[in-house]
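Visitor: Before I ask anything, here is the structure I am working with.
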2 protein chains.
Amino acid sequence: MRSGSNAGLAANTTNLQIRLARRPDGTLAEDDFQLVDGTVPRIGAGELLVHVRYLSTDPANRVYMKRKTYRDQVQTGEIMGGFAIAEVLESAADGFAPGDLVFGDTGWQEFARVAASAMLKMPRVEPLSHLVSVYGITAGYTAFIGLGHFGHLASGETVVVSGAAGAVGSMAGQIARLRGCRVIGIAGGAEKCRVLTEEFRIDASIDYKADDLDEALARFAPEGIDVYFDNVGGETSQACARHMRRSGRIVLCGAISGYDSAAAPETGISPRKLANVSITRFLVLDYLDQYPDAFTQMAAWVAAGDISVREDIVVGLENAPAALIGLLGGGNIGKRMVKVS
Amino acid sequence: MRSGSNAGLAANTTNLQIRLARRPDGTLAEDDFQLVDGTVPRIGAGELLVHVRYLSTDPANRVYMKRKTYRDQVQTGEIMGGFAIAEVLESAADGFAPGDLVFGDTGWQEFARVAASAMLKMPRVEPLSHLVSVYGITAGYTAFIGLGHFGHLASGETVVVSGAAGAVGSMAGQIARLRGCRVIGIAGGAEKCRVLTEEFRIDASIDYKADDLDEALARFAPEGIDVYFDNVGGETSQACARHMRRSGRIVLCGAISGYDSAAAPETGISPRKLANVSITRFLVLDYLDQYPDAFTQMAAWVAAGDISVREDIVVGLENAPAALIGLLGGGNIGKRMVKVS
């Protein structure tokens, strides 16, 4: 049975879905997923039927397969979990109407039935993909809030960002630049490093695949690091921890270096080992209420040309597994997303 | 051989010293120490001969016996380590003259030979004991700097201090009050709790020996804790961690609950377990360069009657072991110190 209104969809509309075929063991593979032609769900009170426009390809997607996080672990046979920007087709909830844009965990499918209370209403912008990148909850907004609440940035301070060519890192570096900081980005490969300094206009780049991290950090941050914004964990974070300055701040935002393996992600950074540096593990989902103010500030920067927005758009839901596998291998510059419709 | 000038001391002046007689196993006992009549040392270039006035009785003293910290572990047979306020008798170093007051690790003895570079010159105040309590490096100054650099206090925020009747805690609570915060102190026993609200004039007290911590924290901090300044570790800290508010700050300053045992002190608080709260392990010794400014601010508060200074002075170096043993058992209110001369 479908809902009565059917939201204007033809009765035979199918719902392409990507389900977890098996629990990945080590490096993620396309065979870990299965494409299924599902049905368009019907909704109940308090729910929305949404049409997914862009899936946000996030390193955290890989963690959903490993363990419970802020969401339940994705079980074999279930629709793969993931955030998206979607358009409301049908609403059985106050405050939402067809045509509204929302952000939330729709899973990897074309049409989703979601609890309205779990969705954040989003502004309408051009291009729409900006809601995933510069204004994206797991991209620009994460950087904005993470630095804003835990970076305590002061003009002239030295900020190091790892994963600096990625979705969050590219924004964190630019926001720190706009806050008057000296910004050093760490990324893998010459092309990413070129983008850091030329497009994102941060002060220096370190290629962790080619450079000696300790030597490079000592050169670019001779007086130490005031703020380390971490997206990768592992060896890179260990090196940055060794160069922190008294009263420095470490924001542990992601640990992609450890996600695509059987082991639990681990930065190894703890207050027990590092005195006089504040350490915060940051999860953006507790801060969705501050989105409107952040959007206003970010939009002003974008309008002024102060932020370079780099997007990496993969077309077609069926390509979501490959998009994630590539992301975990460091294949993206800027925000990777999947255009579903 | 003694130094030529002898600093005006009679040739037969002895130097009472307290040495570690054996490695304590579990709760510290007087038998773990040995009183020895030593000699007054002679000094070399860059050194000072100092006369100890007040020993600072610090929980950290107990840790010196267990492991290497910011100082070497105290070995059996060695003079017990500890900070003191001392007066320079003889100087072979630029910038120090007889009569100067200094702070540093003299050890538990009457006369010490110290490297001038390891000593901090102190102002002269009345009473002199204030250099150990309200202006003491391991008391008022620790609270001032720990809150100043890592508390990020905003007026109206809720601050919880554990060990709130102790040397650092009593100052942390009052400084947070002066910064416009709502302050809840945790201490053991009715008398300490009375002092917290009546003498230190903080907003509320919790007696961890009598009250249910979770219930009391929920009552006094219904919207959660913004800043937790920790002097005790253990169960108390676990409870406070459960009540932290989004964007809160935890300053791990001490962990006295775990010191007087064979096990390593452990708060159990880590960013891995607690998201969106910054956690800092704070050591004051990296911040001695900021002493003059802090002194000025603290002295203004004292002069205005805004800070109540509570001191617990034990007279006689020979009583230093009992003073420490009592401190580890929670026997003090305010700053405990040993008057040596």
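Following the order of the structure tokens, first chain is A, next is B, and so on, with residues numbered from 1 inside each chain and ligands from 1 in the order they appear.
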Excluding Gly82 of chain B and any residue of its chain fewer than 6 positions from it, enumerate the residues within 8 Å of it, using only C-alpha atoms, and give them as a list in words.
Guide: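 Everything that qualifies: Leu55, Ser56, Thr57, Asp58, Asn61, Asp105, Thr106, Gly107 and Trp108 of chain B.
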Visitor: Take the residues from that selection and put them in a file with N, CA and C atoms, as a PDB file, in the first residue's frame.
Guide:
ATOM      1  N   LEU B  55      57.200  25.494  53.473  1.00  0.00           N
ATOM      2  CA  LEU B  55      56.996  24.431  52.492  1.00  0.00           C
ATOM      3  C   LEU B  55      55.533  24.440  52.068  1.00  0.00           C
ATOM      4  N   SER B  56      55.304  24.266  50.791  1.00  0.00           N
ATOM      5  CA  SER B  56      53.945  24.102  50.288  1.00  0.00           C
ATOM      6  C   SER B  56      53.595  22.613  50.359  1.00  0.00           C
ATOM      7  N   THR B  57      52.588  22.282  51.141  1.00  0.00           N
ATOM      8  CA  THR B  57      52.176  20.879  51.257  1.00  0.00           C
ATOM      9  C   THR B  57      51.201  20.598  50.120  1.00  0.00           C
ATOM     10  N   ASP B  58      51.667  19.837  49.136  1.00  0.00           N
ATOM     11  CA  ASP B  58      50.903  19.661  47.897  1.00  0.00           C
ATOM     12  C   ASP B  58      50.562  18.199  47.669  1.00  0.00           C
ATOM     13  N   ASN B  61      53.105  16.115  45.966  1.00  0.00           N
ATOM     14  CA  ASN B  61      54.250  15.550  46.695  1.00  0.00           C
ATOM     15  C   ASN B  61      54.159  14.023  46.724  1.00  0.00           C
ATOM     16  N   ASP B 105      61.573  24.336  43.964  1.00  0.00           N
ATOM     17  CA  ASP B 105      61.680  23.024  44.613  1.00  0.00           C
ATOM     18  C   ASP B 105      62.970  22.978  45.423  1.00  0.00           C
ATOM     19  N   THR B 106      62.837  23.291  46.696  1.00  0.00           N
ATOM     20  CA  THR B 106      63.990  23.253  47.599  1.00  0.00           C
ATOM     21  C   THR B 106      64.145  21.880  48.229  1.00  0.00           C
ATOM     22  N   GLY B 107      63.076  21.117  48.189  1.00  0.00           N
ATOM     23  CA  GLY B 107      63.038  19.877  48.949  1.00  0.00           C
ATOM     24  C   GLY B 107      62.707  20.168  50.399  1.00  0.00           C
ATOM     25  N   TRP B 108      62.468  19.095  51.143  1.00  0.00           N
ATOM     26  CA  TRP B 108      62.063  19.219  52.541  1.00  0.00           C
ATOM     27  C   TRP B 108      63.301  19.316  53.425  1.00  0.00           C
TER      28      TRP B 108
END
Visitor: Can you tell me, as a ChimeraX atom specification, which residues in segment 79-195 of chain A count as helix (DSSP H, G or I) by DSSP?
Guide: /A:116-118,128-131,140-151,167-178,190-195
Visitor: Give me, as a list in words, the residues of chain A touching chain B, with the criterion being at most 7 Å (counting only C-alpha atoms).
Guide: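 Residues satisfying the distance criterion: His149, Ser247, Ser270, Pro271, Arg272, Ala275, Asn276, Val277, Ser278, Ile279, Thr280, Arg281, Phe282 and Leu283 of chain A.
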Visitor: Within 6 Å of segment 16-28 of chain A, counting only C-alpha atoms, which residues show up once you throw out same-chain ones fewer than 3 positions away? Write them as a ChimeraX atom specification, please.
Guide: /A:32-38,76-80,108-110,260-262
Visitor: Write the residues of the preceding selection, restricted to C-alpha atoms, as a PDB file, in the first residue's frame.
Guide:
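Written file, selection.pdb:
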ATOM      1  CA  ASP A  32      29.923  -4.940   0.119  1.00  0.00           C
ATOM      2  CA  PHE A  33      26.870  -3.205  -1.348  1.00  0.00           C
ATOM      3  CA  GLN A  34      23.815  -4.351  -3.252  1.00  0.00           C
ATOM      4  CA  LEU A  35      21.537  -2.281  -5.525  1.00  0.00           C
ATOM      5  CA  VAL A  36      17.861  -3.032  -5.041  1.00  0.00           C
ATOM      6  CA  ASP A  37      14.700  -1.738  -6.703  1.00  0.00           C
ATOM      7  CA  GLY A  38      12.553  -0.928  -3.696  1.00  0.00           C
ATOM      8  CA  THR A  76      23.584  -6.381   6.675  1.00  0.00           C
ATOM      9  CA  GLY A  77      20.531  -6.152   4.420  1.00  0.00           C
ATOM     10  CA  GLU A  78      19.642  -2.652   5.597  1.00  0.00           C
ATOM     11  CA  ILE A  79      19.651   0.468   3.476  1.00  0.00           C
ATOM     12  CA  MET A  80      23.021   2.129   3.796  1.00  0.00           C
ATOM     13  CA  TRP A 108      21.186   5.781   0.237  1.00  0.00           C
ATOM     14  CA  GLN A 109      17.949   5.704  -1.732  1.00  0.00           C
ATOM     15  CA  GLU A 110      15.897   7.869  -4.046  1.00  0.00           C
ATOM     16  CA  ASP A 260      38.643   1.904   6.453  1.00  0.00           C
ATOM     17  CA  SER A 261      40.013  -0.941   8.531  1.00  0.00           C
ATOM     18  CA  ALA A 262      38.772  -3.471  11.024  1.00  0.00           C
TER      19      ALA A 262
END
Visitor: Using only C-alpha atoms, which protein or nucleic acid residues come within 12 Å of Pro292 of chain B? Drop anything in the same chain fewer than 2 positions from it, and give the result as a PyMOL selection string.
Guide: chain B and resi 120-123+135+137+141+145+287-290+294-299
Visitor: Fewer than 3 positions away in the same chain doesn't count, so skip those; otherwise give me all residues within 10 Å of Thr39 of chain B, counting only C-alpha atoms, as a list in words.
Guide: Met1, Arg2, Ala11, Asn12, Thr13, Thr14, Asn15, Leu16, Gln17, Val36, Arg42, Glu110, Phe111 and Ala112 of chain B
Visitor: For C-alpha atoms, I'd like the residues from the last selection saved as a PDB file, in the first residue's frame.
Guide:
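Output file out_17.pdb is given in full below:
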ATOM      1  CA  MET B   1      83.762  22.093  52.872  1.00  0.00           C
ATOM      2  CA  ARG B   2      81.340  25.014  53.192  1.00  0.00           C
ATOM      3  CA  ALA B  11      79.925  27.122  61.470  1.00  0.00           C
ATOM      4  CA  ASN B  12      78.089  24.419  63.352  1.00  0.00           C
ATOM      5  CA  THR B  13      74.683  25.179  61.842  1.00  0.00           C
ATOM      6  CA  THR B  14      72.962  21.951  60.923  1.00  0.00           C
ATOM      7  CA  ASN B  15      70.419  21.414  58.182  1.00  0.00           C
ATOM      8  CA  LEU B  16      67.412  19.348  59.201  1.00  0.00           C
ATOM      9  CA  GLN B  17      66.319  17.268  56.242  1.00  0.00           C
ATOM     10  CA  VAL B  36      68.354  13.558  59.229  1.00  0.00           C
ATOM     11  CA  ARG B  42      77.973  25.250  49.611  1.00  0.00           C
ATOM     12  CA  GLU B 110      66.002  23.953  56.139  1.00  0.00           C
ATOM     13  CA  PHE B 111      68.733  25.076  53.776  1.00  0.00           C
ATOM     14  CA  ALA B 112      68.959  24.271  50.098  1.00  0.00           C
TER      15      ALA B 112
END
Visitor: Identify, on the basis of only C-alpha atoms, every residue whose closest approach to segment 199-216 of chain A does not exceed 6 Å; exclude the query and any residue fewer than 2 positions from it along the same chain; express the result as a PyMOL selection string.
Guide: chain A and resi 183-189+193+195-197+218-219+308
Visitor: Would you compute the distance between atom CA of Asn231 of chain A and atom CA of Asp293 of chain A? Give it in Å to one decimal.
Guide: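 Spanning atom CA of Asn231 of chain A to atom CA of Asp293 of chain A is a straight-line distance of 24.0 Å.
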Visitor: Skipping near chain neighbours, those fewer than 5 positions away, what residues fall within 9 Å of Ala143 of chain B using only C-alpha atoms, listed as number ranges by chain?
Guide: B: 138, 148, 168-173, 175, 229, 253, 284
